[in-house]
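Chemist: File target11.cif below, mmCIF, C-alpha atoms and all ligand atoms:
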data_my_file
#
loop_
_atom_site.group_PDB
_atom_site.id
_atom_site.type_symbol
_atom_site.label_atom_id
_atom_site.label_comp_id
_atom_site.auth_asym_id
_atom_site.auth_seq_id
_atom_site.Cartn_x
_atom_site.Cartn_y
_atom_site.Cartn_z
ATOM 1 C CA MET P 1 16.758 2.952 -8.384
ATOM 2 C CA PRO P 2 18.438 -0.055 -6.692
ATOM 3 C CA LEU P 3 20.257 0.488 -3.426
ATOM 4 C CA TRP P 4 24.024 0.138 -3.896
ATOM 5 C CA ARG P 5 24.552 -0.887 -0.284
ATOM 6 C CA GLN P 6 22.721 -3.879 1.176
ATOM 7 C CA PRO P 7 22.865 -5.107 4.808
ATOM 8 C CA LEU P 8 25.174 -8.112 5.171
ATOM 9 C CA ASP P 9 22.478 -10.063 7.039
ATOM 10 C CA LYS P 10 19.757 -9.188 4.538
ATOM 11 C CA ASP P 11 19.018 -12.839 3.764
ATOM 12 C CA ARG P 12 18.292 -13.595 7.417
ATOM 13 C CA ILE P 13 15.939 -10.662 8.032
ATOM 14 C CA LEU P 14 12.180 -11.013 7.779
ATOM 15 C CA ILE P 15 9.819 -8.057 7.641
ATOM 16 C CA THR P 16 6.103 -7.678 8.191
ATOM 17 C CA HIS P 17 3.596 -8.389 5.464
ATOM 18 C CA GLY P 18 -0.003 -7.175 5.226
ATOM 19 C CA ILE P 19 -3.037 -8.451 3.347
ATOM 20 C CA VAL P 20 -5.093 -5.518 2.067
ATOM 21 C CA HIS P 21 -8.892 -5.559 2.345
ATOM 22 C CA ILE P 22 -10.970 -2.910 0.593
ATOM 23 C CA ILE P 23 -14.667 -2.362 1.301
ATOM 24 C CA ASP P 24 -15.646 -1.033 -2.112
ATOM 25 C CA ASP P 25 -19.004 0.506 -1.250
ATOM 26 C CA ARG P 26 -17.597 2.657 1.577
ATOM 27 C CA CYS P 27 -14.958 4.220 -0.671
ATOM 28 C CA LYS P 28 -15.420 7.762 -1.989
ATOM 29 C CA GLY P 29 -12.451 7.654 -4.331
ATOM 30 C CA CYS P 30 -10.408 10.350 -2.575
ATOM 31 C CA GLY P 31 -7.161 8.532 -3.445
ATOM 32 C CA PHE P 32 -5.423 9.211 -0.102
ATOM 33 C CA CYS P 33 -4.520 5.543 0.350
ATOM 34 C CA ILE P 34 -3.096 5.363 -3.171
ATOM 35 C CA GLU P 35 -1.144 8.617 -2.932
ATOM 36 C CA PHE P 36 0.456 8.050 0.461
ATOM 37 C CA CYS P 37 1.185 4.311 0.540
ATOM 38 C CA PRO P 38 4.982 4.253 0.981
ATOM 39 C CA GLN P 39 5.241 1.006 -0.980
ATOM 40 C CA GLY P 40 3.090 1.921 -3.982
ATOM 41 C CA THR P 41 0.898 -1.063 -3.230
ATOM 42 C CA LEU P 42 -2.364 0.496 -4.430
ATOM 43 C CA GLY P 43 -3.733 1.932 -7.665
ATOM 44 C CA ILE P 44 -7.112 3.050 -9.001
ATOM 45 C CA SER P 45 -9.320 0.169 -10.088
ATOM 46 C CA ASP P 46 -11.664 -0.107 -13.048
ATOM 47 C CA ARG P 47 -14.462 -1.166 -10.715
ATOM 48 C CA THR P 48 -17.272 1.264 -9.919
ATOM 49 C CA ASN P 49 -18.962 1.058 -6.511
ATOM 50 C CA THR P 50 -22.583 1.835 -5.658
ATOM 51 C CA LYS P 51 -21.718 5.523 -5.175
ATOM 52 C CA GLY P 52 -20.138 5.742 -8.615
ATOM 53 C CA TYR P 53 -16.526 5.985 -7.410
ATOM 54 C CA HIS P 54 -13.518 3.889 -8.377
ATOM 55 C CA PRO P 55 -12.135 2.200 -5.238
ATOM 56 C CA PRO P 56 -8.440 1.319 -5.004
ATOM 57 C CA ARG P 57 -7.010 -2.015 -6.096
ATOM 58 C CA VAL P 58 -3.934 -3.909 -4.970
ATOM 59 C CA ILE P 59 -1.262 -3.695 -7.667
ATOM 60 C CA GLU P 60 1.172 -6.154 -6.082
ATOM 61 C CA GLU P 61 0.248 -8.043 -2.909
ATOM 62 C CA ASN P 62 3.825 -8.652 -1.794
ATOM 63 C CA LEU P 63 4.550 -4.920 -1.552
ATOM 64 C CA CYS P 64 2.391 -4.283 1.517
ATOM 65 C CA VAL P 65 4.443 -4.101 4.722
ATOM 66 C CA ASN P 66 1.462 -3.735 7.068
ATOM 67 C CA CYS P 67 2.406 -0.185 8.090
ATOM 68 C CA GLY P 68 -1.289 0.675 8.519
ATOM 69 C CA LEU P 69 -1.008 4.146 7.010
ATOM 70 C CA CYS P 70 -3.821 3.591 4.490
ATOM 71 C CA THR P 71 -6.164 2.514 7.294
ATOM 72 C CA LEU P 72 -5.297 5.584 9.343
ATOM 73 C CA LEU P 73 -5.747 7.979 6.427
ATOM 74 C CA CYS P 74 -8.970 6.630 4.965
ATOM 75 C CA PRO P 75 -11.743 9.028 5.967
ATOM 76 C CA ASP P 76 -14.444 6.415 5.366
ATOM 77 C CA PHE P 77 -12.955 3.326 7.038
ATOM 78 C CA ALA P 78 -12.987 1.608 3.658
ATOM 79 C CA ILE P 79 -9.609 -0.126 3.834
ATOM 80 C CA TYR P 80 -7.993 -2.300 6.471
ATOM 81 C CA ILE P 81 -5.014 -4.608 6.704
ATOM 82 C CA GLU P 82 -4.798 -8.152 7.982
ATOM 83 C CA ASP P 83 -1.542 -9.421 9.426
ATOM 84 C CA GLY P 84 0.062 -11.527 6.688
ATOM 85 C CA GLY P 85 3.017 -12.798 8.717
ATOM 86 C CA LYS P 86 6.589 -12.200 7.545
ATOM 87 C CA GLN P 87 8.371 -11.989 4.225
ATOM 88 C CA THR P 88 11.908 -11.454 3.010
ATOM 89 C CA PRO P 89 13.030 -7.870 2.339
ATOM 90 C CA GLY P 90 14.104 -8.825 -1.165
ATOM 91 C CA LEU P 91 10.493 -8.203 -2.175
ATOM 92 C CA ILE P 92 10.513 -4.656 -0.823
ATOM 93 C CA HIS P 93 11.166 -1.691 -3.071
ATOM 94 C CA PRO P 94 13.007 1.347 -1.698
ATOM 95 C CA VAL P 95 10.756 4.344 -1.051
ATOM 96 C CA GLN P 96 10.625 6.664 -4.053
ATOM 97 C CA ARG P 97 10.151 10.378 -3.498
ATOM 98 C CA ASN P 98 8.831 12.721 -6.131
ATOM 99 C CA GLU P 99 11.162 15.495 -7.223
ATOM 100 C CA VAL P 100 10.071 18.960 -6.075
ATOM 101 C CA LYS P 101 9.537 21.140 -9.125
ATOM 102 C CA LYS P 102 11.041 24.616 -8.930
HETATM 103 S S1 LIG R 1 -0.527 -1.001 5.071
HETATM 104 FE FE1 LIG R 1 1.059 0.474 4.386
HETATM 105 S S2 LIG R 1 2.202 -0.636 2.769
HETATM 106 FE FE2 LIG R 1 0.227 -1.723 3.071
HETATM 107 S S3 LIG R 1 -1.175 -0.853 1.529
HETATM 108 FE FE3 LIG R 1 -1.486 0.290 3.470
HETATM 109 S S4 LIG R 1 -0.103 2.102 3.324
HETATM 110 FE FE4 LIG R 1 0.553 0.584 1.760
HETATM 111 S S1 LIG R 2 -8.603 6.535 1.372
HETATM 112 FE FE1 LIG R 2 -10.512 5.322 1.652
HETATM 113 S S2 LIG R 2 -12.118 6.547 0.637
HETATM 114 FE FE2 LIG R 2 -10.120 7.309 -0.123
HETATM 115 S S3 LIG R 2 -9.699 6.097 -2.020
HETATM 116 FE FE3 LIG R 2 -8.724 5.005 -0.306
HETATM 117 S S4 LIG R 2 -10.264 3.475 0.378
HETATM 118 FE FE4 LIG R 2 -11.349 5.025 -0.855
#
What's the structure tokens form of this structure?

Modeler:
Amino acid sequence: MPLWRQPLDKDRILITHGIVHIIDDRCKGCGFCIEFCPQGTLGISDRTNTKGYHPPRVIEENLCVNCGLCTLLCPDFAIYIEDGGKQTPGLIHPVQRNEVKK
């Protein structure tokens, strides 16, 4: 859903960008990084690591805002982020929240 209000200085603002690194063989496929990334940057890959799990993959590189949440959540230190400098907010999608089912 697009935001109907945009900051007037949106074109002059730059936000952080992260480059995602995944260490496939450390991953146990728990999916925490995929589930909780606020930008929806990650998805399950078709690759299989040496433990037989499917590590995450980067769906769209420009979505990562270097928040570091995936690195904090990963129980096996299998994902880390490199500072990718700045990018324009036009590439950023608003956070989507799942509807709570009653
Ligand atoms: S650093 Fe943040 S935005 Fe980037 S992949 Fe990890 S959780 Fe998603
Ligand atoms: S949080 Fe870590 S162990 Fe879990 S799927 Fe992501 S990279 Fe793999």

Chemist: How many Å separate atom CA of P:Pro89 from atom CA of P:Val65?

Modeler: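 Value for the atom CA of P:Pro89-atom CA of P:Val65 distance: 9.7 Å.
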
Chemist: Show me which residues are within 9 Å of ligand LIG 1 (chain R) counting all atoms listed in the file, and format the list as an NGL selection string.

Modeler: :P and (17-20 or 33-34 or 36-42 or 58 or 61 or 63-73 or 79-82)

Chemist: Suppose you want the space between atom FE1 of ligand LIG 2 (chain R) and atom CA of P:Ala78; what is it in Å?

Modeler: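 Between these atoms lies a distance of 4.9 Å.
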
Chemist: Report the distance between atom CA of P:Gln6 and atom CA of P:Lys86 in Å, rounded to one decimal place.

Modeler: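 Separation between atom CA of P:Gln6 and atom CA of P:Lys86: 19.2 Å.
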
Chemist: Just want the residues within 8 Å of ligand LIG 2 (chain R), written as a JSON list (two decimals) with C-alpha atoms, in the frame of the given file, counting all atoms listed in the file.

Modeler:
[["chain", "number", "residue", "atom", "x", "y", "z"],
["P", 22, "ILE", "CA", -10.97, -2.91, 0.59],
["P", 23, "ILE", "CA", -14.67, -2.36, 1.30],
["P", 24, "ASP", "CA", -15.65, -1.03, -2.11],
["P", 26, "ARG", "CA", -17.60, 2.66, 1.58],
["P", 27, "CYS", "CA", -14.96, 4.22, -0.67],
["P", 28, "LYS", "CA", -15.42, 7.76, -1.99],
["P", 29, "GLY", "CA", -12.45, 7.65, -4.33],
["P", 30, "CYS", "CA", -10.41, 10.35, -2.58],
["P", 31, "GLY", "CA", -7.16, 8.53, -3.44],
["P", 32, "PHE", "CA", -5.42, 9.21, -0.10],
["P", 33, "CYS", "CA", -4.52, 5.54, 0.35],
["P", 34, "ILE", "CA", -3.10, 5.36, -3.17],
["P", 54, "HIS", "CA", -13.52, 3.89, -8.38],
["P", 55, "PRO", "CA", -12.14, 2.20, -5.24],
["P", 56, "PRO", "CA", -8.44, 1.32, -5.00],
["P", 70, "CYS", "CA", -3.82, 3.59, 4.49],
["P", 71, "THR", "CA", -6.16, 2.51, 7.29],
["P", 73, "LEU", "CA", -5.75, 7.98, 6.43],
["P", 74, "CYS", "CA", -8.97, 6.63, 4.96],
["P", 75, "PRO", "CA", -11.74, 9.03, 5.97],
["P", 76, "ASP", "CA", -14.44, 6.42, 5.37],
["P", 77, "PHE", "CA", -12.96, 3.33, 7.04],
["P", 78, "ALA", "CA", -12.99, 1.61, 3.66],
["P", 79, "ILE", "CA", -9.61, -0.13, 3.83]]

Chemist: Could you list as a PyMOL selection string every residue that has an atom within 8 Å of (-21.1, 5.2, -4.8), using the file's coordinates and counting all atoms listed in the file?

Modeler: chain P and resi 25-28+48-53

Chemist: Translate the PyMOL selection byres (((chain P and resi 14) around 10) and not hetatm), as applied to the file shown, into an explicit residue set as a VMD selection string.

Modeler: chain P and resid 10 to 13 15 to 17 85 to 90

Chemist: Extending 3 Å beyond the listed atoms of stretch 64-80 of chain P on each side, what axis-aligned box results? I want centre and edge lengths in Å to one decimal, as lines of an AutoDock Vina configuration file.

Modeler:
center_x = -5.0
center_y = 2.4
center_z = 5.4
size_x = 24.9
size_y = 19.3
size_z = 13.8

Chemist: So, counting all atoms listed in the file, which residue among P:Ile44, P:Pro7, P:Asn62, P:Arg57 is closest to P:Gly84?

Modeler: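 Smallest distance to P:Gly84 is found for P:Asn62.
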
Chemist: Would you mind putting N, CA and C atoms back on stretch 50-68 of chain P and writing the result as a compact mmCIF listing (two decimals), in the coordinates of the input?

Modeler:
# COMPACT_ATOMS: atom_id res chain seq x y z
N THR P 50 -21.18 1.40 -5.60
CA THR P 50 -22.58 1.84 -5.66
C THR P 50 -22.73 3.36 -5.61
N LYS P 51 -21.68 4.05 -5.19
CA LYS P 51 -21.72 5.52 -5.18
C LYS P 51 -21.20 6.11 -6.48
N GLY P 52 -20.66 5.26 -7.34
CA GLY P 52 -20.14 5.74 -8.62
C GLY P 52 -18.66 6.08 -8.60
N TYR P 53 -17.96 5.71 -7.52
CA TYR P 53 -16.53 5.98 -7.41
C TYR P 53 -15.71 4.74 -7.78
N HIS P 54 -14.45 4.99 -8.11
CA HIS P 54 -13.52 3.89 -8.38
C HIS P 54 -12.70 3.62 -7.11
N PRO P 55 -12.93 2.52 -6.43
CA PRO P 55 -12.14 2.20 -5.24
C PRO P 55 -10.71 1.78 -5.63
N PRO P 56 -9.81 1.74 -4.67
CA PRO P 56 -8.44 1.32 -5.00
C PRO P 56 -8.38 -0.18 -5.29
N ARG P 57 -7.29 -0.59 -5.89
CA ARG P 57 -7.01 -2.02 -6.10
C ARG P 57 -5.58 -2.28 -5.66
N VAL P 58 -5.30 -3.52 -5.36
CA VAL P 58 -3.93 -3.91 -4.97
C VAL P 58 -3.16 -4.22 -6.24
N ILE P 59 -2.09 -3.49 -6.47
CA ILE P 59 -1.26 -3.70 -7.67
C ILE P 59 -0.38 -4.93 -7.50
N GLU P 60 0.26 -5.03 -6.35
CA GLU P 60 1.17 -6.15 -6.08
C GLU P 60 1.08 -6.51 -4.60
N GLU P 61 0.53 -7.66 -4.30
CA GLU P 61 0.25 -8.04 -2.91
C GLU P 61 1.50 -8.07 -2.03
N ASN P 62 2.61 -8.50 -2.60
CA ASN P 62 3.82 -8.65 -1.79
C ASN P 62 4.42 -7.32 -1.34
N LEU P 63 3.97 -6.21 -1.91
CA LEU P 63 4.55 -4.92 -1.55
C LEU P 63 4.09 -4.42 -0.19
N CYS P 64 2.93 -4.83 0.27
CA CYS P 64 2.39 -4.28 1.52
C CYS P 64 3.21 -4.75 2.71
N VAL P 65 3.64 -3.79 3.53
CA VAL P 65 4.44 -4.10 4.72
C VAL P 65 3.65 -3.91 6.02
N ASN P 66 2.34 -3.82 5.90
CA ASN P 66 1.46 -3.74 7.07
C ASN P 66 1.79 -2.52 7.94
N CYS P 67 2.11 -1.39 7.30
CA CYS P 67 2.41 -0.18 8.09
C CYS P 67 1.13 0.44 8.65
N GLY P 68 -0.01 0.18 8.01
CA GLY P 68 -1.29 0.68 8.52
C GLY P 68 -1.62 2.10 8.13
